[in-house]
Amino acid sequence: MTVDISVLIGGEAGQGIQTVGLLMARTCHRAGLYVIVVNDFESRIRGGHSFIQLRISDGPVHAPTQDLHLMVALDERTYRLHQSDLQEGGLALIPKDDGDTMVQHHQCKIVDFAGLAQKAGNKILSNTVAAGTCLALIGAPFDLFENVLKTTFEQVEEKRLAQNVQAAQYGYAAAEEHTFRWSWRWDRTSPKGRLIDGAHAVALGALAGDCRFSAFYPMSPATGIIQRLVDMAAAVPLVVEQAEDELAAVNMVIGAAFAGVRAMTATSGGGFSLMTEGLGLAAITETPIVIVNAQRPGPATGLPTRTAQADLQFVIHASQDEFPRFVFAPGTPFEAFTVTARAFELSDRFQVPAVILVDQFLNDSIFVAEEAFEAPEAARPFTITDGDLDDPTLYRRYALNDSGISPRALPCRGLARVKVCSDEHDEAGHITEDAAIRDAMAGKRHAKYQAMREQIRPPEVIHAGSDIVLISWGSMRGAMIEAVNQLRADGINCGGLHMIDLWPFPDAAMGEILEKAAQFFVVEQNRTAQLGQLIRQQTGYRYADAVLKTNGRPMCAGEITEAIKTKLK
Amino acid sequence: MTVDISVLIGGEAGQGIQTVGLLMARTCHRAGLYVIVVNDFESRIRGGHSFIQLRISDGPVHAPTQDLHLMVALDERTYRLHQSDLQEGGLALIPKDDGDTMVQHHQCKIVDFAGLAQKAGNKILSNTVAAGTCLALIGAPFDLFENVLKTTFEQVEEKRLAQNVQAAQYGYAAAEEHTFRWSWRWDRTSPKGRLIDGAHAVALGALAGDCRFSAFYPMSPATGIIQRLVDMAAAVPLVVEQAEDELAAVNMVIGAAFAGVRAMTATSGGGFSLMTEGLGLAAITETPIVIVNAQRPGPATGLPTRTAQADLQFVIHASQDEFPRFVFAPGTPFEAFTVTARAFELSDRFQVPAVILVDQFLNDSIFVAEEAFEAPEAARPFTITDGDLDDPTLYRRYALNDSGISPRALPCRGLARVKVCSDEHDEAGHITEDAAIRDAMAGKRHAKYQAMREQIRPPEVIHAGSDIVLISWGSMRGAMIEAVNQLRADGINCGGLHMIDLWPFPDAAMGEILEKAAQFFVVEQNRTAQLGQLIRQQTGYRYADAVLKTNGRPMCAGEITEAIKTKLK
Amino acid sequence: MVSINDYHSDYPNHWCPGCGNFGILEAMKAALAALELPPEKILIVSGIGQAAKTPHFLECNYFHSLHGRALPIATGAKIANHHMTVLVNTGDGDCYGEGGNHFMHAIRRNIDVTVLAHNNRVYGLTKGQASPTSMEGMQTKIQPGGVIMGAFNPLAVALSLGAGFVARGFSSDGDQLRDLIQAGIRHRGFALIDIMQPCVSFNQVNTHKWYKDRIAPIEENHDETDRISAVRLSLGTDDRIPTGIYYRRESPSYTDRIDKLKDKPLTDHRYRPELLKALLTDGYP
Amino acid sequence: MVSINDYHSDYPNHWCPGCGNFGILEAMKAALAALELPPEKILIVSGIGQAAKTPHFLECNYFHSLHGRALPIATGAKIANHHMTVLVNTGDGDCYGEGGNHFMHAIRRNIDVTVLAHNNRVYGLTKGQASPTSMEGMQTKIQPGGVIMGAFNPLAVALSLGAGFVARGFSSDGDQLRDLIQAGIRHRGFALIDIMQPCVSFNQVNTHKWYKDRIAPIEENHDETDRISAVRLSLGTDDRIPTGIYYRRESPSYTDRIDKLKDKPLTDHRYRPELLKALLTDGYP
Ligand SMILES: Cc1ncc(C[n+]2csc(CCOP(=O)(O)OP(=O)(O)O)c2C)c(N)n1
Ligand SMILES: Cc1ncc(C[n+]2csc(CCOP(=O)(O)OP(=O)(O)O)c2C)c(N)n1
Ligand code: SF4
Ligand code: SF4
Ligand SMILES: [Mg+2]
Ligand SMILES: [Mg+2]
């Protein structure tokens, strides 16, 4: 990569820093560059301190970076908090001189965003001014930015477009006397894929999985997924229902799935905790449901708008007693899309609940997805109708067989009467206390694991056969792979392993790979190396050490690289 | 053991089979014998099929047995269901000849329980008649039984006592022409300890742990614990509150603990699922609470009145993110007593939640507890008052220190203002989004593990240094130890390991013991060998095989012995 | 012609002899038969408790779910396929205790289900603890000093939430109950029928006789479209317990108001990948 | 003498400029000061939401708990030490949505807490979804077609449950609100003050002006001891929104009715092993 710079735009909640970042990201993307936009915001509506980090590169980037080259400090606090991260030669744009800390510093440049915006017609154009100045500094041709503004405002009003272009021009002009150290000559190539956040990708995956009903209770960082579903619902046969609480949400989903539509809910840890009993209900009634758990740091309310990966062991073991379930953790929007669609299919096919673990970082960050998102041509029906039955009136929902998967009919769709029960039940769906039937039913459910395991995809291997292996799951993929490459560049024989399909655990596949590694390290956003523990439990192999981060901010490759180097010393 | 017989009393719910069993158990106990009474009943109020198994021995017994010597079949179904378990030479007492299945068999003896009861004055005396006949058959001196009746009815009415004694005499008389194969000469020794069920022991432990508040929502098999608390509440400063649901129950307990009293709730898996979020609240606010999870088979409603040990991994990992907690699983009433009292103390001391795993078998069965239950002389206060503070107005609830345990003041008890928060917080208890403080706070909580681990008692070792080790946790202790002794009697160099303190896991202690064993087997009432998995995760040692039972009925030593022998072949 | 016998279930009943639930079961069958609704056309959702076991004892589609969660299950099922006739059998603990929040919000949703609340004023299945509707002062093994909370008044609460069909029945008055259930099913929207039911095993206060001495059909001149009168009736001023329809007013049910369902139920759509084409290439423009 | 300044908190406020919460905060301070209750003598329990952040912004003991669970926390705390003055700050989502079941049963318990429900008719902290009290038809990003559920009427529901103190305030009428809060705290038992509060960021329907145009103090001749009148007032017949005390009637609070608490709070007992002696040898006789 010859270009790899990062821009931080910070200020108070409500100042529109997202707009600045997004305008810039889109401009870069149109020029064929790679970007990632990472959101860092507090759990409040106005005030406080938020920022976004925009990383721009000519090669793929999937994680934030520690290096900071350019900063837009919409308030003094931003400058104070992030000043020390600014690279030698880096620059901070500040709106005014408060006569104190800011301008003293040689790395500062005053741009009167508000004044220029006002000149262009409206104070709220400050964001466009700021984006303009930044783009000018890094050398972005003006017409690219202008085009982005056109796409944004052509639907709106002629006047607003004109004002925005004017503001952009003022922004560009403001940069004129300054040469930015990391500015580069822009070759325009065709845009790489499209810009998309993880939440959107999950929602698209749900539609590709033929999701028709979703019930939810608002909770960060899951609400974005629901918002996307709502935004798209007009085009598809999908109903989205806001429930009174998470208990209702998961049970509505179970009711809808029972009645015959694929259904999901999305929540975060606290909400998932409340759904734990429902998870067991889906399991014992063998009703297919999908639950997305968008992780954030806890316990309890914790840090509502921050990121974490600390619910892995919880979701694998959640709810009393034991039953088969799928657990997936996509690492990119494309994986989020495919995994969600697969989760719907597999859940339906095996009549088991599926849990998808995403997190605030994946959900709220904007990535370049180069892969095309494709919906399956057809959705295979995994239910039966009267026609499939010799005598529908004798239908038994929980007929025993070797696969553990009993033919599933739907209620009120024919003569077959469908009877399901959260007590342990017999084949007909009636309560039973019979010891042998209990064992047969629990065994039947458990038997599904065999075929479920065949659906589990092996981990992604990066540089197979390396001595040292870094292992990630979920959203840590980007940082892990970048770290592997950095370490290799530093002469360390390092490879990577990325896990998406986590449960049923791919014991054999993992065992085979780990057998060959001299040592392996897990890279996780939790405190106890949960995947590391799981690997030991399932394969017997013990991680040499773990690179862990728990402060709610996404990991950067540099942090991993440094940690590994220290550990290897 | 020269005496070891088992008596099954079966009939419909509501027929009073518990009374028969209890009268017999008390009579045997008074003669210095050991007994265990195991309850097997359906989740309904009348009808169906229930039974109790009374095992009587001259040596300690802590588990049911597969052998059946004497049966009281209060209905035809009892006879039909259990007939095949009757040992050669065994006997079934049946109330009347229904001209069909029952009396044809040479093992049957008709006793007109109802008729004799009527003769004694009341049909409900049938139970006393039945107990009398059984006791006569096994050779119990009449005066022992008479004394039991006296203790029971002397508080009541003269007339009822007389009628009961009359009924007992009729029962004895009915046995006269029969010699029962396993009858024995009764030597009277002084009673061994006293008869007590697990639920009662937990409740006593709570009082010994200075529990002053309990909120609950009724759920089998936990309600027995609450019932015992209610029954004893008049004597102590204890308030028991029935909540509207489990969410309320656990949060009331947290509120009370925060305000300054030791508090607990008791539930079963489904209720525990609902308490999962509250568990995390206790953790992040560092409020000491005790939750008893009385396990039953699931998932969901499952088998409400049956036994299981399938929530171990769940309770260890329950709730989002990670935090320290204690998990205990007592195996006998005495352990239930001591562990519960300890749980209150440790929870208070470390300001962490403690979970106690019991189950239907332990809660509802009546055991002989030989150990004396002793309450601590004093309850150490783990909270501070204004006097302990230099300046109470500067009090900070979450002051950072190495131990992770911040001095805890109580609200409205002085000038110190106590501020707690389920968001991540600073030392003062205010919401924070600061990355460093977050890490410090999560680290502080985690740091408690070190000292918590020191409180963990090592597993109980039975026949140290044996080649083959059977490992149990919780209520499987009795069956496991009996199996070890049977296997040793059969010449197998077998030992046992019983775990009560499960989390923090005693990695080192377990590792040391397991290192020396040629192979070890876990004995558990679940399907996936949860303790086995945990041992592998924590120590790297892998169980050779597992003896598992999931049909909701407690395990017998014979089942373990047979399974181990097969596995060793 | 649907007959009562069509509802016969072979599954053995679990209730205590003399339990009021039997009367409710028979009234249900009679109402369903009278409405010509064959077993395969109805879905019964229930929670957990003695009441919630009801669907096992008559032929139907059923979802015997979790304690307290019957209403969300019923809501999800109804939204997925609003052509189904959905009934809910629930207990006073199930519906007003553990499930209290769903009770309130299902009413606000005006979801088209008929709720039969078997109100025995006690927790039956768990052996006799007080329930939300237990009367103040009632003693139980767990409440030896007597209940010290005010009894939950389901009708008043439902009315305050704007429920469109609010009625009270009695398990021993089969004819009236049958008519109420019929009317409830016919009502488009949320219908609550709170059914007073003796529990012979655990409630020695509100016995059959206790009810017989108090119940009286609502007076003829009661205006069932007047909410305030209904509230007044539900709050009661004397010892009498009026049975019948307290309040009835139809307004569009929840599924009536979801445009997407005008055409056909969600279950009746086919998966059509072509609808996704444009969406799948979307992102930040 | 307790002064308003004693309640000053150094912790920076998180609310949006112009938010109605500020008015509520000031009224609270004024009421507490007027009652001579110093910060260390009060416990504020809150759930999660913008409203629930309140206790950070004034000096007091507080338990900022889980979304929806403020009332059970407050109940447990009050039972443990009933000498504390307990207030609850909660949002419309917190109290009537996630916490709806506790709301109902806390009223039935008549637990002596004063509930300040900051009713902005929207989910503020999670950025503008409909709340239980959002008006029918209100459009949000998540409800683009408008809310299709009936709005939750907290006063009517509380009255139907037998609440003994039911009032409505407005965040911009500080004097009235102060008086209501004072009266609520003085009331022995459960006191509900539903406070209409504009949310400048997410509720463009129920704005400051919207409220100003509608609110009117309850008429002088309203009999605040007449439950039916209170219900009628709460159900409303025209556009006006009456503020003030709808209903007030004292009866023993929950902790008043627990004999064990007559003597002193549970927190004030010492552990006394001698009380256990007899119990510890107990078993089956
Ligand atoms: C989450 C959960 N909590 C508690 C229980 C235990 N439980 C089963 S039924 C029941 C109460 C039943 O009372 P009610 O709903 O009035 O029904 P009834 O038996 O009286 O008909 C309870 C508490 C449960 N099954 N699940
Ligand atoms: C169990 C759980 N579910 C969801 C959330 C997310 N959440 C936080 S505040 C809130 C709603 C806030 O609305 P309201 O109670 O009306 O308070 P407001 O912010 O409007 O004052 C929600 C849904 C949560 N924290 N916990
Ligand atoms: S316990 Fe009561 S409600 Fe349950 S079946 Fe028996 S009589 Fe009926
Ligand atoms: S979002 Fe609304 S309620 Fe929350 S602080 Fe802002 S204005 Fe107030
Ligand atoms: Mg009931
Ligand atoms: Mg609100």
# chains A, B, ... in the order shown; residues from 1 in each chain; ligands from 1
>>> interface_residues(of="chain A", to="chain B", cutoff="6 Å", atoms="only C-alpha atoms", output="number ranges by chain")
A: 269-270, 273-274, 276-277, 280-281, 284, 298-303, 310-311, 314, 317-321, 422-424, 435, 438-439, 533, 536-537, 551
>>> interface_residues(of="chain A", to="chain D", cutoff="7 Å", atoms="only C-alpha atoms", output="ChimeraX atom specification")
/A:44-46,218-219,227,230,244-245,301
>>> interface_residues(of="chain D", to="chain C", cutoff="8 Å", atoms="only C-alpha atoms", output="PyMOL selection string")
chain D and resi 97-101+104+108-110+148-153+156-157+160-162+228+232+235+254+257
>>> residues_around(residues="His118 of chain D", least_positions_apart="4", cutoff="7 Å", atoms="only C-alpha atoms", output="PDB file with all heavy atoms, in the first residue's frame")
ATOM      1  N   ALA D  51     -34.131   9.844  31.166  1.00  0.00           N
ATOM      2  CA  ALA D  51     -34.749  10.159  32.443  1.00  0.00           C
ATOM      3  C   ALA D  51     -33.979   9.494  33.576  1.00  0.00           C
ATOM      4  O   ALA D  51     -33.722  10.098  34.618  1.00  0.00           O
ATOM      5  CB  ALA D  51     -36.191   9.654  32.448  1.00  0.00           C
ATOM      6  N   THR D  90     -37.793   7.597  36.161  1.00  0.00           N
ATOM      7  CA  THR D  90     -37.951   6.583  35.114  1.00  0.00           C
ATOM      8  C   THR D  90     -38.559   7.219  33.876  1.00  0.00           C
ATOM      9  O   THR D  90     -39.194   8.277  33.958  1.00  0.00           O
ATOM     10  CB  THR D  90     -38.816   5.418  35.668  1.00  0.00           C
ATOM     11  OG1 THR D  90     -39.066   4.468  34.635  1.00  0.00           O
ATOM     12  CG2 THR D  90     -40.176   5.926  36.178  1.00  0.00           C
ATOM     13  N   GLY D  91     -38.348   6.596  32.732  1.00  0.00           N
ATOM     14  CA  GLY D  91     -38.912   7.101  31.483  1.00  0.00           C
ATOM     15  C   GLY D  91     -40.185   6.365  31.121  1.00  0.00           C
ATOM     16  O   GLY D  91     -40.551   5.378  31.771  1.00  0.00           O
ATOM     17  N   ASP D  92     -40.850   6.837  30.109  1.00  0.00           N
ATOM     18  CA  ASP D  92     -42.079   6.172  29.689  1.00  0.00           C
ATOM     19  C   ASP D  92     -41.787   4.775  29.150  1.00  0.00           C
ATOM     20  O   ASP D  92     -42.577   3.844  29.339  1.00  0.00           O
ATOM     21  CB  ASP D  92     -42.841   7.027  28.660  1.00  0.00           C
ATOM     22  CG  ASP D  92     -41.927   7.695  27.656  1.00  0.00           C
ATOM     23  OD1 ASP D  92     -40.740   7.945  27.970  1.00  0.00           O
ATOM     24  OD2 ASP D  92     -42.381   7.985  26.542  1.00  0.00           O
ATOM     25  N   ASP D 194     -46.894  11.301  36.760  1.00  0.00           N
ATOM     26  CA  ASP D 194     -46.550  11.211  35.346  1.00  0.00           C
ATOM     27  C   ASP D 194     -46.271  12.629  34.874  1.00  0.00           C
ATOM     28  O   ASP D 194     -47.134  13.512  34.998  1.00  0.00           O
ATOM     29  CB  ASP D 194     -47.710  10.584  34.563  1.00  0.00           C
ATOM     30  CG  ASP D 194     -47.357  10.377  33.111  1.00  0.00           C
ATOM     31  OD1 ASP D 194     -46.640   9.406  32.817  1.00  0.00           O
ATOM     32  OD2 ASP D 194     -47.775  11.208  32.277  1.00  0.00           O
ATOM     33  N   ILE D 195     -45.077  12.856  34.358  1.00  0.00           N
ATOM     34  CA  ILE D 195     -44.670  14.220  34.025  1.00  0.00           C
ATOM     35  C   ILE D 195     -44.510  14.379  32.516  1.00  0.00           C
ATOM     36  O   ILE D 195     -43.644  13.737  31.907  1.00  0.00           O
ATOM     37  CB  ILE D 195     -43.337  14.576  34.716  1.00  0.00           C
ATOM     38  CG1 ILE D 195     -43.443  14.284  36.228  1.00  0.00           C
ATOM     39  CG2 ILE D 195     -42.970  16.035  34.454  1.00  0.00           C
ATOM     40  CD1 ILE D 195     -42.100  14.325  36.951  1.00  0.00           C
ATOM     41  N   MET D 196     -45.336  15.198  31.950  1.00  0.00           N
ATOM     42  CA  MET D 196     -45.221  15.451  30.513  1.00  0.00           C
ATOM     43  C   MET D 196     -43.961  16.266  30.267  1.00  0.00           C
ATOM     44  O   MET D 196     -43.721  17.279  30.929  1.00  0.00           O
ATOM     45  CB  MET D 196     -46.452  16.192  30.026  1.00  0.00           C
ATOM     46  CG  MET D 196     -47.692  15.315  30.163  1.00  0.00           C
ATOM     47  SD  MET D 196     -49.201  16.209  29.767  1.00  0.00           S
ATOM     48  CE  MET D 196     -49.182  17.435  31.050  1.00  0.00           C
ATOM     49  N   GLN D 197     -43.178  15.784  29.300  1.00  0.00           N
ATOM     50  CA  GLN D 197     -41.851  16.357  29.119  1.00  0.00           C
ATOM     51  C   GLN D 197     -41.525  16.430  27.636  1.00  0.00           C
ATOM     52  O   GLN D 197     -41.482  15.408  26.960  1.00  0.00           O
ATOM     53  CB  GLN D 197     -40.837  15.454  29.834  1.00  0.00           C
ATOM     54  CG  GLN D 197     -39.394  15.755  29.559  1.00  0.00           C
ATOM     55  CD  GLN D 197     -38.575  14.516  29.290  1.00  0.00           C
ATOM     56  OE1 GLN D 197     -38.870  13.422  29.757  1.00  0.00           O
ATOM     57  NE2 GLN D 197     -37.540  14.654  28.490  1.00  0.00           N
TER      58      GLN D 197
END
>>> closest_residue(among="B:Asp348, B:Asp197, B:Asp388, B:Asp143", to="Val35 of chain B", atoms="only C-alpha atoms")
B:Asp197
>>> closest_residue(among="C:Val86, C:Ile181, C:Val200, C:Cys60", to="Val418 of chain A", atoms="only C-alpha atoms")
C:Cys60
>>> select_by_dssp(residues="segment 81-235 of chain D", states="strand (DSSP E or B)", output="ChimeraX atom specification")
/D:85-91,114-119,123,129,165-170,191-196,215-217
>>> residues_around(residues="segment 56-71 of chain A", least_positions_apart="2", cutoff="9 Å", atoms="only C-alpha atoms", output="JSON, numbers by chain")
{"A": [1, 2, 3, 4, 5, 6, 7, 8, 9, 10, 25, 28, 29, 32, 33, 34, 35, 36, 37, 38, 53, 54, 73, 78, 79, 82, 83, 85, 86, 87, 88, 89, 90, 91, 92, 93, 94, 134, 180, 181, 182, 332, 367, 368, 475, 476, 477, 478, 479, 480, 481, 482, 554, 555, 556, 557, 558, 559]}
>>> closest_residue(among="B:Arg80, B:Lys96, B:Lys109, B:Arg26", to="Pro191 of chain B", atoms="only C-alpha atoms")
B:Arg26
>>> residues_around(residues="Ala399 of chain B", least_positions_apart="3", cutoff="8 Å", atoms="only C-alpha atoms", output="list in words")
Arg396, Ser406, Pro407, Glu427 and Ala428 of chain B
>>> select_by_dssp(residues="segment 388-512 of chain A", states="alpha helix (DSSP H)", output="ChimeraX atom specification")
/A:435-455,477-489,507-512
>>> decode(residues="segment 86-111 of chain D", atoms="N, CA and C atoms", output="PDB file, in the first residue's frame")
ATOM      1  N   VAL D  86     -37.492   6.992  49.330  1.00  0.00           N
ATOM      2  CA  VAL D  86     -37.098   6.440  48.034  1.00  0.00           C
ATOM      3  C   VAL D  86     -37.868   7.102  46.898  1.00  0.00           C
ATOM      4  N   LEU D  87     -37.118   7.632  45.937  1.00  0.00           N
ATOM      5  CA  LEU D  87     -37.720   8.197  44.726  1.00  0.00           C
ATOM      6  C   LEU D  87     -37.281   7.357  43.533  1.00  0.00           C
ATOM      7  N   VAL D  88     -38.101   7.354  42.527  1.00  0.00           N
ATOM      8  CA  VAL D  88     -37.744   6.637  41.304  1.00  0.00           C
ATOM      9  C   VAL D  88     -37.834   7.604  40.124  1.00  0.00           C
ATOM     10  N   ASN D  89     -36.729   7.726  39.388  1.00  0.00           N
ATOM     11  CA  ASN D  89     -36.775   8.474  38.128  1.00  0.00           C
ATOM     12  C   ASN D  89     -36.796   7.483  36.990  1.00  0.00           C
ATOM     13  N   THR D  90     -37.793   7.597  36.161  1.00  0.00           N
ATOM     14  CA  THR D  90     -37.951   6.583  35.114  1.00  0.00           C
ATOM     15  C   THR D  90     -38.559   7.219  33.876  1.00  0.00           C
ATOM     16  N   GLY D  91     -38.348   6.596  32.732  1.00  0.00           N
ATOM     17  CA  GLY D  91     -38.912   7.101  31.483  1.00  0.00           C
ATOM     18  C   GLY D  91     -40.185   6.365  31.121  1.00  0.00           C
ATOM     19  N   ASP D  92     -40.850   6.837  30.109  1.00  0.00           N
ATOM     20  CA  ASP D  92     -42.079   6.172  29.689  1.00  0.00           C
ATOM     21  C   ASP D  92     -41.787   4.775  29.150  1.00  0.00           C
ATOM     22  N   GLY D  93     -40.639   4.617  28.509  1.00  0.00           N
ATOM     23  CA  GLY D  93     -40.262   3.284  28.037  1.00  0.00           C
ATOM     24  C   GLY D  93     -39.861   2.408  29.207  1.00  0.00           C
ATOM     25  N   ASP D  94     -39.068   2.964  30.062  1.00  0.00           N
ATOM     26  CA  ASP D  94     -38.545   2.278  31.236  1.00  0.00           C
ATOM     27  C   ASP D  94     -39.672   1.775  32.138  1.00  0.00           C
ATOM     28  N   CYS D  95     -40.635   2.647  32.384  1.00  0.00           N
ATOM     29  CA  CYS D  95     -41.660   2.375  33.391  1.00  0.00           C
ATOM     30  C   CYS D  95     -42.864   1.623  32.824  1.00  0.00           C
ATOM     31  N   TYR D  96     -43.305   2.023  31.629  1.00  0.00           N
ATOM     32  CA  TYR D  96     -44.540   1.445  31.082  1.00  0.00           C
ATOM     33  C   TYR D  96     -44.270   0.398  29.998  1.00  0.00           C
ATOM     34  N   GLY D  97     -43.040   0.375  29.482  1.00  0.00           N
ATOM     35  CA  GLY D  97     -42.692  -0.609  28.454  1.00  0.00           C
ATOM     36  C   GLY D  97     -41.956  -1.759  29.110  1.00  0.00           C
ATOM     37  N   GLU D  98     -40.646  -1.690  29.085  1.00  0.00           N
ATOM     38  CA  GLU D  98     -39.840  -2.780  29.663  1.00  0.00           C
ATOM     39  C   GLU D  98     -40.253  -3.088  31.097  1.00  0.00           C
ATOM     40  N   GLY D  99     -40.610  -2.057  31.845  1.00  0.00           N
ATOM     41  CA  GLY D  99     -40.919  -2.275  33.266  1.00  0.00           C
ATOM     42  C   GLY D  99     -42.394  -2.377  33.573  1.00  0.00           C
ATOM     43  N   GLY D 100     -43.223  -2.548  32.563  1.00  0.00           N
ATOM     44  CA  GLY D 100     -44.666  -2.481  32.750  1.00  0.00           C
ATOM     45  C   GLY D 100     -45.208  -3.416  33.820  1.00  0.00           C
ATOM     46  N   ASN D 101     -44.680  -4.610  33.877  1.00  0.00           N
ATOM     47  CA  ASN D 101     -45.205  -5.561  34.854  1.00  0.00           C
ATOM     48  C   ASN D 101     -44.895  -5.109  36.274  1.00  0.00           C
ATOM     49  N   HIS D 102     -43.719  -4.569  36.461  1.00  0.00           N
ATOM     50  CA  HIS D 102     -43.358  -4.110  37.808  1.00  0.00           C
ATOM     51  C   HIS D 102     -44.201  -2.902  38.208  1.00  0.00           C
ATOM     52  N   PHE D 103     -44.494  -2.077  37.224  1.00  0.00           N
ATOM     53  CA  PHE D 103     -45.348  -0.914  37.474  1.00  0.00           C
ATOM     54  C   PHE D 103     -46.665  -1.370  38.087  1.00  0.00           C
ATOM     55  N   MET D 104     -47.281  -2.343  37.460  1.00  0.00           N
ATOM     56  CA  MET D 104     -48.578  -2.816  37.957  1.00  0.00           C
ATOM     57  C   MET D 104     -48.470  -3.399  39.361  1.00  0.00           C
ATOM     58  N   HIS D 105     -47.472  -4.214  39.557  1.00  0.00           N
ATOM     59  CA  HIS D 105     -47.433  -4.928  40.833  1.00  0.00           C
ATOM     60  C   HIS D 105     -46.876  -4.075  41.968  1.00  0.00           C
ATOM     61  N   ALA D 106     -46.061  -3.081  41.635  1.00  0.00           N
ATOM     62  CA  ALA D 106     -45.623  -2.150  42.679  1.00  0.00           C
ATOM     63  C   ALA D 106     -46.835  -1.366  43.194  1.00  0.00           C
ATOM     64  N   ILE D 107     -47.728  -1.024  42.291  1.00  0.00           N
ATOM     65  CA  ILE D 107     -48.954  -0.336  42.710  1.00  0.00           C
ATOM     66  C   ILE D 107     -49.771  -1.239  43.625  1.00  0.00           C
ATOM     67  N   ARG D 108     -49.930  -2.494  43.217  1.00  0.00           N
ATOM     68  CA  ARG D 108     -50.681  -3.426  44.067  1.00  0.00           C
ATOM     69  C   ARG D 108     -50.042  -3.561  45.441  1.00  0.00           C
ATOM     70  N   ARG D 109     -48.716  -3.511  45.482  1.00  0.00           N
ATOM     71  CA  ARG D 109     -48.010  -3.609  46.763  1.00  0.00           C
ATOM     72  C   ARG D 109     -48.169  -2.341  47.595  1.00  0.00           C
ATOM     73  N   ASN D 110     -48.499  -1.254  46.939  1.00  0.00           N
ATOM     74  CA  ASN D 110     -48.529   0.053  47.617  1.00  0.00           C
ATOM     75  C   ASN D 110     -47.220   0.314  48.350  1.00  0.00           C
ATOM     76  N   ILE D 111     -46.153   0.004  47.675  1.00  0.00           N
ATOM     77  CA  ILE D 111     -44.823   0.230  48.255  1.00  0.00           C
ATOM     78  C   ILE D 111     -44.596   1.739  48.317  1.00  0.00           C
TER      79      ILE D 111
END
